[in-house]
Protein chains: 4
Amino acid sequence: MTTFGESHGQGVGVVIDGCPPGIPLCSEDFVADMTRRRPGRHDLVTPRKEEDRVEILSGVFEGLTTGVPLTLLVRNRDVDSTPYQVLRHLFRPGHADYTYFKKYGHYDYRGSGRYSARETAARVAAGVVAGKIVAPLGIEVVAYTIELGGVRAEKVDLSLIEKSPFFCPDPVASKQMEEIILDARQKGDSLGGIAEIRVRGCPAGLGEPIFDKLDAEFAKALMSIGTVKGFEVGAGFGAATMKGSENNDPITPTGFGSNHAGGILGGISNGEEIVLRVAMKPIPSIGLEEDTVDRQGRPAKLKFRGRFDVSAIPRIIPVLEAMVKIVLADHYLRSKTIVPYGFAP
Amino acid sequence: MTTFGESHGQGVGVVIDGCPPGIPLCSEDFVADMTRRRPGRHDLVTPRKEEDRVEILSGVFEGLTTGVPLTLLVRNRDVDSTPYQVLRHLFRPGHADYTYFKKYGHYDYRGSGRYSARETAARVAAGVVAGKIVAPLGIEVVAYTIELGGVRAEKVDLSLIEKSPFFCPDPVASKQMEEIILDARQKGDSLGGIAEIRVRGCPAGLGEPIFDKLDAEFAKALMSIGTVKGFEVGAGFGAATMKGSENNDPITPTGFGSNHAGGILGGISNGEEIVLRVAMKPIPSIGLEEDTVDRQGRPAKLKFRGRFDVSAIPRIIPVLEAMVKIVLADHYLRSKTIVPYGFAP
Amino acid sequence: MTTFGESHGQGVGVVIDGCPPGIPLCSEDFVADMTRRRPGRHDLVTPRKEEDRVEILSGVFEGLTTGVPLTLLVRNRDVDSTPYQVLRHLFRPGHADYTYFKKYGHYDYRGSGRYSARETAARVAAGVVAGKIVAPLGIEVVAYTIELGGVRAEKVDLSLIEKSPFFCPDPVASKQMEEIILDARQKGDSLGGIAEIRVRGCPAGLGEPIFDKLDAEFAKALMSIGTVKGFEVGAGFGAATMKGSENNDPITPTGFGSNHAGGILGGISNGEEIVLRVAMKPIPSIGLEEDTVDRQGRPAKLKFRGRFDVSAIPRIIPVLEAMVKIVLADHYLRSKTIVPYGFAP
Amino acid sequence: MTTFGESHGQGVGVVIDGCPPGIPLCSEDFVADMTRRRPGRHDLVTPRKEEDRVEILSGVFEGLTTGVPLTLLVRNRDVDSTPYQVLRHLFRPGHADYTYFKKYGHYDYRGSGRYSARETAARVAAGVVAGKIVAPLGIEVVAYTIELGGVRAEKVDLSLIEKSPFFCPDPVASKQMEEIILDARQKGDSLGGIAEIRVRGCPAGLGEPIFDKLDAEFAKALMSIGTVKGFEVGAGFGAATMKGSENNDPITPTGFGSNHAGGILGGISNGEEIVLRVAMKPIPSIGLEEDTVDRQGRPAKLKFRGRFDVSAIPRIIPVLEAMVKIVLADHYLRSKTIVPYGFAP
């Protein structure tokens with residue numbers, strides 16, 4: 001799987017090589033998830049409108065995947081690069097302008113180019129395909145907000161997630177999040193948060209030993225999202241203060257007696273619910289004046305007036321789900337028993 | 001890089017394909033790091049003695065790496081599989097016995113076989129080679145304990161690390177850690193902790209955009225160590241409660257005004273110190289009776305009397321350093337400018 | 001590098017991940033090579049007209065490659081799937097219809113779908129980029145026809161290649177090729193041939209030992225083109241009848257005394273001209289009636305009336321050049337000395 | 001799969017990551033194939049004796065592969081580097097001394113080091129494991145000599161292969177080969193040849209479209225053997241002079257009417273016998289004086305008196321079989337249907 005594209009170029013997309021043949025797939029399959037990611041789903045967090053239609057450029061014939069590379073393209077429409085001209089010479093603090101410039105010698109200052117959150121649209125599209133690969137196993141993936149700007153969900157009722165503008169499973173906390181988001185917007189500032197992802201129905205046996213452990217690959221996949229700064233599985237950082245006798249999950253004839261492991265032992269799924277958590281920094285684009293330097297290293301002040309979200313939440317939620325599905329599908333395809341195509345009964 | 005080997009087999013080792021030619025390397029180069037990882041360096045935590053000599057099986061000629069695969073082997077010596085016979089039919093809680101059995105249909109019950117912490121000896125050996133690749137850049141990697149069994153280091157004086165049996169930079173905390181370790185051993189229990197890793201002298205420009213971000217690869221590499229359950233970079237989980245105006249590191253002509261990013265922006269190093277943290281669960285081998293099942297799924301009690309450490313700390317510390325060096329070396333080799341061998345002036 | 005697309009889908013394309021930054025690239029750069037590959041360059045061999053414009057979907061900013069994935073798309077225009085309806089149930093002899101059906105359970109019968117020679121348009125586009133990577137080394141790649149339908153070029157004057165409709169370096173042979181092509185077309189039959197590829201200016205030191213030898217990778221790259229059935233380097237099959245004392249190229253202070261090795265020793269370039277040869281089968285699409293079976297395995301007669309070329313030559317010639325350039329660029333990028341981007345003076 | 005080791009180092013070996021679990025494997029399984037490759041099987045071609053015992057360093061437990069990396073080691077025993085001291089400063093014509101020196105800046109002059117044919121012992125060992133993976137499919141691989149020093153086998157009776165010192169299926173030709181080998185040895189010269197490899201029982205559906213075509217991977221795998229200079233599949237170079245109407249294999253209800261394709265269409269096996277051919281150059285080590293240069297580029301005469309074979313045949317024959325089995329096993333494991341381990345009924 002390779003994604004490509006820039007925020008202010010032609011579009012963003014993904015090529016998936018190794019997608020199994022015979023999976024029904026059409027443009028409409030992408031609508032639900034792309035809509036959940038889209039700015040403007042609720043107009044609290046983002047002032048932008050985008051219509052994100054996924055075009056299937058290759059790999060589908062007569063409504064079925066063919067087994068050869070599947071290419072998905074999400075064209076950019078609502079693109080105005082004018083406000084970004086000021087970034088031609090000034091690096092935005094907290095952004096990758098500076099490091100891209102150091103690495104590549106130039107950078108795409110228009111809406112962050114390649115390192116824009118726009119790139120995650122391609123990930124959500126790929127996640128739809130991954131979802132079709134793991135769904136037959138009975139696997140369900142759900143992500144939700146457990147903390148935003150310091151407000152923490154005190155209860156987790158998964159049935160309430162889609163009703164909250166923040167995919168928050170606690171309606172009281174969701175209401176408070178609304179207030180602090182409005183407050184932060186007014187002040188031109190931004191907020192961070194924590195999300196939790198649960199995988200239900202994952203059978204035991206997924207994951208590779210040593211370097212490609214299932215949790216290690218979840219960590220990489222989720223840390224590869226720009227705003228994610230921390231990752232944990234099961235008890236996570238909490239495990240550091242537990243004793244072995246507390247933390248070890250007893251094994252019983254009907255499953256595990258607790259789930260501090262978060263569904264993964266030795267890098268391989270154990271059949272319990274997989275529980276992951278990620279911390280997101282406040283998004284670096286803010287409306288306040290900041291200290292920076294220009295391309296020549298001279299000090300400068302930057303007050304940038306683009307359109308930007310107040311928080312990575314809620315738009316990051318479907319991206320987290322997509323990345324987890326992609327890792328699961330990848331491990332699933334790797335872990336197949338040995339019956340080649342064409343020999344199967 | 002591929003590691004191989006089992007704890008109670010012939011040994012553990014690693015093949016490194018892609019190691020540059022011309023690096024001076026001999027068996028003695030490995031002694032210091034292997035000794036730091038060895039059980040019995042301080043006899044508080046582990047009752048085991050191992051002599052871990054690294055044999056160079058291939059890839060070195062006349063004292064220099066040749067550019068072809070480098071194979072390192074650490075033979076097993078002090079191996080007694082007898083106490084493990086009880087594990088032939090019973091899965092240890094918190095261990096990978098159960099998931100290996102589910103995945104592969106059988107498992108090596110002798111000292112955890114492939115998923116033994118013994119495998120990390122090969123990682124430390126590989127880390128020595130990685131260190132020789134990144135050292136000429138001026139890169140230094142140091143890991144140390146900031147929390148063990150709930151005791152937290154209040155100050156960080158890196159010059160004190162090697163003096164502490166726990167690689168703890170705070171002598172007062174180190175003393176307390178000693179006490180709780182002795183207490184836990186007496187009770188047959190185990191303890192978790194938190195370690196911090198700092199990379200100094202890393203130039204800007206290391207790391208790949210999108211999926212192979214430098215921090216994503218650190219996350220994967222460190223989460224691939226059995227006991228690690230959480231990972232964070234820079235402000236990490238703390239960033240979730242910060243505002244953008246606080247969390248953004250101002251850029252100045254002489255560097256960054258703060259380092260909440262932990263030295264990485266958009267997945268690429270920015271020239272500041274890289275700061276990582278990992279949470280370790282208490283090691284699952286304990287001397288207390290536990291509930292489990294046998295291969296047929298019938299309930300059983302397990303009280304296992306092997307030799308085991310009370311905590312992954314301190315032996316994990318050189319492993320953390322090794323993994324970080326390996327990721328750095330890998331990114332360094334990927335990020336080269338385009339001057340082929342043999343053409344260089 | 002991943003190609004995607006089908007002959008009767010939206011188009012064919014390629015994503016190149018790992019293209020160095022800072023290379024000037026625009027749509028016009030592709031015109032020359034795409035034209036050489038295009039049907040209708042000379043109207044002897046093919047009755048088709050295609051306009052193959054390369055769109056840059058991502059990876060270029062302000063006229064320079066950015067270092068992130070470069071996506072090139074060649075849209076399909078002149079597409080009429082009607083004549084292919086007969087292939088819905090009948091496998092064409094010599095084509096991959098049968099094997100795709102066996103492997104994937106269905107196949108794209110419209111113009112061969114994924115396994116159409118149309119896919120090579122994406123390779124030629126990628127070859128243009130590869131050419132820009134190796135050109136600064138002084139590397140030149142030229143391919144030409146040395147045999148077509150049994151007519152063999154007796155002399156090799158590289159300056160005449162572009163004047164021949166068959167990229168044939170012998171004008172007398174080229175004239176004869178013209179006649180047998182017309183004859184074969186009239187009879188509804190097709191012809192095979194042999195092409196030679198020369199790489200000049202390749203410095204010593206390209207290629208990896210053991211499995212990724214330079215000639216092994218040339219073999220794979222060229223054999224991956226549908227009609228290629230044989231490959232040789234240097235003296236090739238002729239070396240089988242030579243003695244060591246004849247075949248060994250003497251080494252002299254000014255280079256090698258002969259070039260039976262074809263410029264490669266032990267899988268690594270030796271600084272001499274690289275000489276490769278490939279044999280192409282007659283293309284399987286013919287206008288004569290053939291025996292086949294349908295999807296249910298029942299015998300059938302097939303007489304297919306699509307538009308097809310009489311021979312893979314000449315359109316394959318720029319594809320051969322492209323594949324050789326791609327292999328060279330790949331080895332070149334692998335063989336870099338160790339100076340990371342951003343550190344270079 | 002990664003091989004490692006040098007001819008005059010500790011030994012040669014291979015790590016196979018991705019070998020399925022549960023395959024019975026022990027040291028004795030390697031004896032037959034290692035013996036076929038061993039010098040001295042028939043004492044016509046080589047004066048050397050080697051005992052090539054394969055040690056299993058990791059990946060087997062209780063006689064079964066575990067699914068984790070399998071490491072095989074063949075120690076070097078009969079090693080005398082003294083005669084090679086002359087090569088410290090002189091490059092042997094036809095060998096890789098020169099190119100390794102150009103690429104890596106130094107080279108292992110003792111018995112060719114890494115690029116010695118000794119490395120193929122590790123390939124034969126890996127081929128035994130690959131054979132165990134493909135055997136259950138009913139796949140059989142056999143290689144034999146069809147030409148040596150210009151003497152061509154006129155008939156192919158596979159039952160006679162093992163009786164011939166040259167694995168030649170024609171006893172008359174085998175006798176003549178014996179004579180020219182003795183003659184060449186007396187003159188201090190060496191001979192080339194051609195071998196054919198047949199794969200029987202390969203089901204349809206193996207191979208990947210586009211770049212990883214089955215024949216492309218066979219080409220790469222076989223061209224990666226030092227002395228191989230040409231490769232063809234099915235009609236091969238002969239296809240260049242055929243018409244489409246001749247070359248296309250008709251499809252009938254009981255299989256293909258002919259096999260010019262050599263069992264592969266569009267890079268995917270079609271269920272017919274797979275037929276491959278390789279051309280080998282005369283091995284470059286000869287006893288005659290040759291022109292060369294030293295490390296400083298000054299002209300020199302070299303007359304080297306090591307122990308060397310007169311021809312790559314017959315010792316290369318089991319190596320060819322091994323490489324073909326490895327490619328088949330690799331494609332087989334890639335082409336699995338989607339039933340993860342642990343879910344299978």
# chains A, B, ... in the order shown; residues from 1 in each chain; ligands from 1
$ closest_atom_pairs --of "chain A" --to "chain C" --cutoff "7 Å" --atoms "only C-alpha atoms" --output "JSON lines"
{"residue": "A:Phe4", "atom": "CA", "partner": "C:Pro69", "partner_atom": "CA", "distance": 5.4}
{"residue": "A:Gly5", "atom": "CA", "partner": "C:Ser58", "partner_atom": "CA", "distance": 4.7}
{"residue": "A:Glu6", "atom": "CA", "partner": "C:Ser58", "partner_atom": "CA", "distance": 6.5}
{"residue": "A:Gly9", "atom": "CA", "partner": "C:Ser58", "partner_atom": "CA", "distance": 6.6}
{"residue": "A:Gln10", "atom": "CA", "partner": "C:Leu57", "partner_atom": "CA", "distance": 5.8}
{"residue": "A:Pro21", "atom": "CA", "partner": "C:Tyr104", "partner_atom": "CA", "distance": 5.9}
{"residue": "A:Leu57", "atom": "CA", "partner": "C:Gln10", "partner_atom": "CA", "distance": 5.8}
{"residue": "A:Ser58", "atom": "CA", "partner": "C:Gly5", "partner_atom": "CA", "distance": 4.7}
{"residue": "A:Gly59", "atom": "CA", "partner": "C:Gly5", "partner_atom": "CA", "distance": 6.6}
{"residue": "A:Phe61", "atom": "CA", "partner": "C:Asp108", "partner_atom": "CA", "distance": 6.5}
{"residue": "A:Thr66", "atom": "CA", "partner": "C:Tyr104", "partner_atom": "CA", "distance": 6.9}
{"residue": "A:Gly67", "atom": "CA", "partner": "C:Tyr104", "partner_atom": "CA", "distance": 6.7}
{"residue": "A:Pro69", "atom": "CA", "partner": "C:Phe4", "partner_atom": "CA", "distance": 5.4}
{"residue": "A:Thr71", "atom": "CA", "partner": "C:Phe4", "partner_atom": "CA", "distance": 7.0}
{"residue": "A:Lys102", "atom": "CA", "partner": "C:Gly342", "partner_atom": "CA", "distance": 5.4}
{"residue": "A:Lys103", "atom": "CA", "partner": "C:Gly342", "partner_atom": "CA", "distance": 5.1}
{"residue": "A:Tyr104", "atom": "CA", "partner": "C:Pro21", "partner_atom": "CA", "distance": 6.0}
{"residue": "A:Asp108", "atom": "CA", "partner": "C:Phe61", "partner_atom": "CA", "distance": 6.5}
{"residue": "A:Tyr341", "atom": "CA", "partner": "C:Lys103", "partner_atom": "CA", "distance": 5.5}
{"residue": "A:Gly342", "atom": "CA", "partner": "C:Lys103", "partner_atom": "CA", "distance": 5.1}
$ write_last_selection --atoms "N, CA, C and O atoms" --output "PDB file, in the first residue's frame"
ATOM      1  N   PHE A   4      -0.365   8.592  -2.087  1.00  0.00           N
ATOM      2  CA  PHE A   4       0.306   9.658  -2.824  1.00  0.00           C
ATOM      3  C   PHE A   4      -0.574  10.893  -2.790  1.00  0.00           C
ATOM      4  O   PHE A   4      -1.744  10.828  -2.410  1.00  0.00           O
ATOM      5  N   GLY A   5      -0.026  12.008  -3.208  1.00  0.00           N
ATOM      6  CA  GLY A   5      -0.847  13.195  -3.356  1.00  0.00           C
ATOM      7  C   GLY A   5      -0.572  14.275  -2.340  1.00  0.00           C
ATOM      8  O   GLY A   5       0.042  14.032  -1.299  1.00  0.00           O
ATOM      9  N   GLU A   6      -1.012  15.471  -2.666  1.00  0.00           N
ATOM     10  CA  GLU A   6      -0.789  16.648  -1.837  1.00  0.00           C
ATOM     11  C   GLU A   6      -2.105  17.386  -1.641  1.00  0.00           C
ATOM     12  O   GLU A   6      -3.025  17.243  -2.428  1.00  0.00           O
ATOM     13  N   GLY A   9      -2.540  19.794  -4.566  1.00  0.00           N
ATOM     14  CA  GLY A   9      -2.251  19.262  -5.897  1.00  0.00           C
ATOM     15  C   GLY A   9      -3.537  18.740  -6.522  1.00  0.00           C
ATOM     16  O   GLY A   9      -4.633  19.212  -6.237  1.00  0.00           O
ATOM     17  N   GLN A  10      -3.419  17.724  -7.361  1.00  0.00           N
ATOM     18  CA  GLN A  10      -4.590  17.181  -8.054  1.00  0.00           C
ATOM     19  C   GLN A  10      -5.514  16.418  -7.120  1.00  0.00           C
ATOM     20  O   GLN A  10      -6.714  16.338  -7.344  1.00  0.00           O
ATOM     21  N   PRO A  21      -8.681 -10.949  -4.901  1.00  0.00           N
ATOM     22  CA  PRO A  21      -9.682 -10.805  -5.949  1.00  0.00           C
ATOM     23  C   PRO A  21     -11.083 -11.170  -5.443  1.00  0.00           C
ATOM     24  O   PRO A  21     -11.209 -11.833  -4.417  1.00  0.00           O
ATOM     25  N   LEU A  57      -9.626   4.078  -9.815  1.00  0.00           N
ATOM     26  CA  LEU A  57      -8.886   4.253 -11.077  1.00  0.00           C
ATOM     27  C   LEU A  57      -8.505   2.924 -11.711  1.00  0.00           C
ATOM     28  O   LEU A  57      -8.299   2.830 -12.910  1.00  0.00           O
ATOM     29  N   SER A  58      -8.353   1.894 -10.923  1.00  0.00           N
ATOM     30  CA  SER A  58      -7.961   0.595 -11.472  1.00  0.00           C
ATOM     31  C   SER A  58      -8.244  -0.513 -10.477  1.00  0.00           C
ATOM     32  O   SER A  58      -8.462  -0.249  -9.291  1.00  0.00           O
ATOM     33  N   GLY A  59      -8.256  -1.740 -10.934  1.00  0.00           N
ATOM     34  CA  GLY A  59      -8.314  -2.889 -10.038  1.00  0.00           C
ATOM     35  C   GLY A  59      -9.691  -3.469  -9.794  1.00  0.00           C
ATOM     36  O   GLY A  59      -9.832  -4.444  -9.054  1.00  0.00           O
ATOM     37  N   PHE A  61     -13.233  -4.843 -11.813  1.00  0.00           N
ATOM     38  CA  PHE A  61     -13.844  -5.191 -13.092  1.00  0.00           C
ATOM     39  C   PHE A  61     -15.179  -5.866 -12.816  1.00  0.00           C
ATOM     40  O   PHE A  61     -15.245  -6.781 -11.994  1.00  0.00           O
ATOM     41  N   THR A  66      -9.995  -7.330  -8.819  1.00  0.00           N
ATOM     42  CA  THR A  66      -9.447  -8.318  -9.748  1.00  0.00           C
ATOM     43  C   THR A  66      -8.220  -9.022  -9.184  1.00  0.00           C
ATOM     44  O   THR A  66      -7.760  -9.999  -9.760  1.00  0.00           O
ATOM     45  N   GLY A  67      -7.677  -8.519  -8.093  1.00  0.00           N
ATOM     46  CA  GLY A  67      -6.458  -9.115  -7.551  1.00  0.00           C
ATOM     47  C   GLY A  67      -5.219  -8.350  -7.978  1.00  0.00           C
ATOM     48  O   GLY A  67      -4.135  -8.568  -7.448  1.00  0.00           O
ATOM     49  N   PRO A  69      -3.366  -4.367  -8.808  1.00  0.00           N
ATOM     50  CA  PRO A  69      -3.383  -3.147  -8.003  1.00  0.00           C
ATOM     51  C   PRO A  69      -4.671  -2.318  -8.117  1.00  0.00           C
ATOM     52  O   PRO A  69      -5.141  -2.002  -9.205  1.00  0.00           O
ATOM     53  N   THR A  71      -6.404   1.163  -7.378  1.00  0.00           N
ATOM     54  CA  THR A  71      -6.010   2.559  -7.201  1.00  0.00           C
ATOM     55  C   THR A  71      -7.230   3.406  -6.895  1.00  0.00           C
ATOM     56  O   THR A  71      -8.216   3.372  -7.643  1.00  0.00           O
ATOM     57  N   LYS A 102      14.719  20.971   5.542  1.00  0.00           N
ATOM     58  CA  LYS A 102      16.036  20.442   5.898  1.00  0.00           C
ATOM     59  C   LYS A 102      16.330  19.150   5.137  1.00  0.00           C
ATOM     60  O   LYS A 102      17.466  18.875   4.761  1.00  0.00           O
ATOM     61  N   LYS A 103      15.320  18.325   4.946  1.00  0.00           N
ATOM     62  CA  LYS A 103      15.524  17.019   4.330  1.00  0.00           C
ATOM     63  C   LYS A 103      15.592  17.119   2.806  1.00  0.00           C
ATOM     64  O   LYS A 103      16.448  16.523   2.173  1.00  0.00           O
ATOM     65  N   TYR A 104      14.641  17.856   2.232  1.00  0.00           N
ATOM     66  CA  TYR A 104      14.494  17.824   0.778  1.00  0.00           C
ATOM     67  C   TYR A 104      15.012  19.073   0.066  1.00  0.00           C
ATOM     68  O   TYR A 104      15.068  19.105  -1.155  1.00  0.00           O
ATOM     69  N   ASP A 108       6.482  22.072   0.060  1.00  0.00           N
ATOM     70  CA  ASP A 108       5.242  22.547  -0.524  1.00  0.00           C
ATOM     71  C   ASP A 108       4.483  23.316   0.553  1.00  0.00           C
ATOM     72  O   ASP A 108       3.905  22.731   1.457  1.00  0.00           O
ATOM     73  N   TYR A 341      -4.527 -19.936  -4.390  1.00  0.00           N
ATOM     74  CA  TYR A 341      -5.661 -19.646  -5.245  1.00  0.00           C
ATOM     75  C   TYR A 341      -5.741 -20.698  -6.329  1.00  0.00           C
ATOM     76  O   TYR A 341      -4.733 -21.042  -6.930  1.00  0.00           O
ATOM     77  N   GLY A 342      -6.902 -21.097  -6.655  1.00  0.00           N
ATOM     78  CA  GLY A 342      -7.028 -22.005  -7.784  1.00  0.00           C
ATOM     79  C   GLY A 342      -7.000 -23.459  -7.355  1.00  0.00           C
ATOM     80  O   GLY A 342      -7.410 -24.340  -8.085  1.00  0.00           O
TER      81      GLY A 342
END
$ select_by_dssp --residues "region 82-321 of chain B" --states "alpha helix (DSSP H)" --output "VMD selection string"
chain B and resid 97 to 104 120 to 134 171 to 187 214 to 223 244 to 247 316 to 321
$ residues_around --residues "Glu321 (chain C)" --least-positions-apart "5" --cutoff "7 Å" --atoms "only C-alpha atoms" --output "list of chain:residue names"
C:Val141, C:Val142, C:Ala143
$ select_by_dssp --residues "region 129-257 of chain B" --states "strand (DSSP E)" --output "list in words"
Glu140, Val141, Val142, Ala143, Tyr144, Thr145, Ile146, Glu147, Leu148, Val151, Arg152, Gly193, Ile194, Ala195, Glu196, Ile197, Arg198, Val199, Arg200, Val228, Lys229, Gly230, Phe231, Glu232, Val233, Ile251, Thr252, Gly255 and Phe256 of chain B
$ residues_around --residues "region 274-289 of chain C" --least-positions-apart "6" --cutoff "6 Å" --atoms "only C-alpha atoms" --output "VMD selection string"
(chain C and resid 94 188 to 199 227 to 234 262 to 263 302 to 303 311) or (chain D and resid 237 239 to 240 243 to 244)
$ residues_around --residues "region 87-91 of chain C" --least-positions-apart "3" --cutoff "6 Å" --atoms "only C-alpha atoms" --output "PDB file with N, CA and C atoms, in the first residue's frame"
ATOM      1  N   TYR C  84     -14.407  -7.336 -27.915  1.00  0.00           N
ATOM      2  CA  TYR C  84     -13.879  -8.280 -26.932  1.00  0.00           C
ATOM      3  C   TYR C  84     -14.961  -9.126 -26.260  1.00  0.00           C
ATOM      4  N   ASP C  97      -5.512 -15.069 -20.481  1.00  0.00           N
ATOM      5  CA  ASP C  97      -6.920 -15.217 -20.072  1.00  0.00           C
ATOM      6  C   ASP C  97      -7.090 -16.447 -19.182  1.00  0.00           C
ATOM      7  N   TYR C  98      -6.554 -17.549 -19.692  1.00  0.00           N
ATOM      8  CA  TYR C  98      -6.730 -18.839 -19.031  1.00  0.00           C
ATOM      9  C   TYR C  98      -6.110 -18.848 -17.635  1.00  0.00           C
ATOM     10  N   TYR C 109     -11.673  -9.445 -19.793  1.00  0.00           N
ATOM     11  CA  TYR C 109     -11.526  -9.877 -21.195  1.00  0.00           C
ATOM     12  C   TYR C 109     -11.417  -8.703 -22.158  1.00  0.00           C
ATOM     13  N   ASP C 294     -13.944 -23.051 -23.609  1.00  0.00           N
ATOM     14  CA  ASP C 294     -14.657 -21.980 -22.911  1.00  0.00           C
ATOM     15  C   ASP C 294     -14.458 -22.137 -21.401  1.00  0.00           C
ATOM     16  N   ARG C 295     -15.104 -21.277 -20.646  1.00  0.00           N
ATOM     17  CA  ARG C 295     -14.907 -21.276 -19.189  1.00  0.00           C
ATOM     18  C   ARG C 295     -15.271 -22.617 -18.559  1.00  0.00           C
TER      19      ARG C 295
END
$ atom_distance --atom1 "CA of Leu214 (chain D)" --atom2 "CA of Ile268 (chain D)"
5.9 Å
$ residues_around --residues "Asp212 (chain B)" --least-positions-apart "4" --cutoff "8 Å" --atoms "only C-alpha atoms" --output "ChimeraX atom specification"
/A:220,224 /B:207-208,216-217,267
$ decode --residues "region 97-107 of chain C" --atoms "N, CA, C and O atoms" --output "short mmCIF file (atom, residue, chain, number, x, y, z; two decimals), in the first residue's frame"
data_model
loop_
_atom_site.label_atom_id
_atom_site.label_comp_id
_atom_site.auth_asym_id
_atom_site.auth_seq_id
_atom_site.Cartn_x
_atom_site.Cartn_y
_atom_site.Cartn_z
N ASP C 97 -5.51 -15.07 -20.48
CA ASP C 97 -6.92 -15.22 -20.07
C ASP C 97 -7.09 -16.45 -19.18
O ASP C 97 -7.69 -16.40 -18.11
N TYR C 98 -6.55 -17.55 -19.69
CA TYR C 98 -6.73 -18.84 -19.03
C TYR C 98 -6.11 -18.85 -17.63
O TYR C 98 -6.73 -19.28 -16.66
N THR C 99 -4.86 -18.36 -17.53
CA THR C 99 -4.18 -18.42 -16.24
C THR C 99 -4.75 -17.42 -15.23
O THR C 99 -4.83 -17.71 -14.05
N TYR C 100 -5.16 -16.24 -15.70
CA TYR C 100 -5.82 -15.31 -14.79
C TYR C 100 -7.12 -15.92 -14.26
O TYR C 100 -7.45 -15.78 -13.09
N PHE C 101 -7.84 -16.57 -15.14
CA PHE C 101 -9.09 -17.19 -14.71
C PHE C 101 -8.80 -18.26 -13.66
O PHE C 101 -9.50 -18.36 -12.64
N LYS C 102 -7.77 -19.05 -13.87
CA LYS C 102 -7.40 -20.09 -12.92
C LYS C 102 -6.96 -19.49 -11.59
O LYS C 102 -7.22 -20.05 -10.53
N LYS C 103 -6.25 -18.39 -11.65
CA LYS C 103 -5.70 -17.80 -10.44
C LYS C 103 -6.74 -17.00 -9.66
O LYS C 103 -6.85 -17.10 -8.45
N TYR C 104 -7.45 -16.15 -10.39
CA TYR C 104 -8.31 -15.17 -9.72
C TYR C 104 -9.80 -15.51 -9.77
O TYR C 104 -10.61 -14.84 -9.13
N GLY C 105 -10.17 -16.48 -10.58
CA GLY C 105 -11.58 -16.85 -10.66
C GLY C 105 -12.37 -16.02 -11.65
O GLY C 105 -13.48 -16.37 -12.01
N HIS C 106 -11.80 -14.88 -12.07
CA HIS C 106 -12.40 -14.12 -13.17
C HIS C 106 -11.28 -13.37 -13.89
O HIS C 106 -10.15 -13.37 -13.43
N TYR C 107 -11.58 -12.78 -15.03
CA TYR C 107 -10.54 -12.04 -15.74
C TYR C 107 -11.18 -10.94 -16.57
O TYR C 107 -12.35 -11.01 -16.93
#
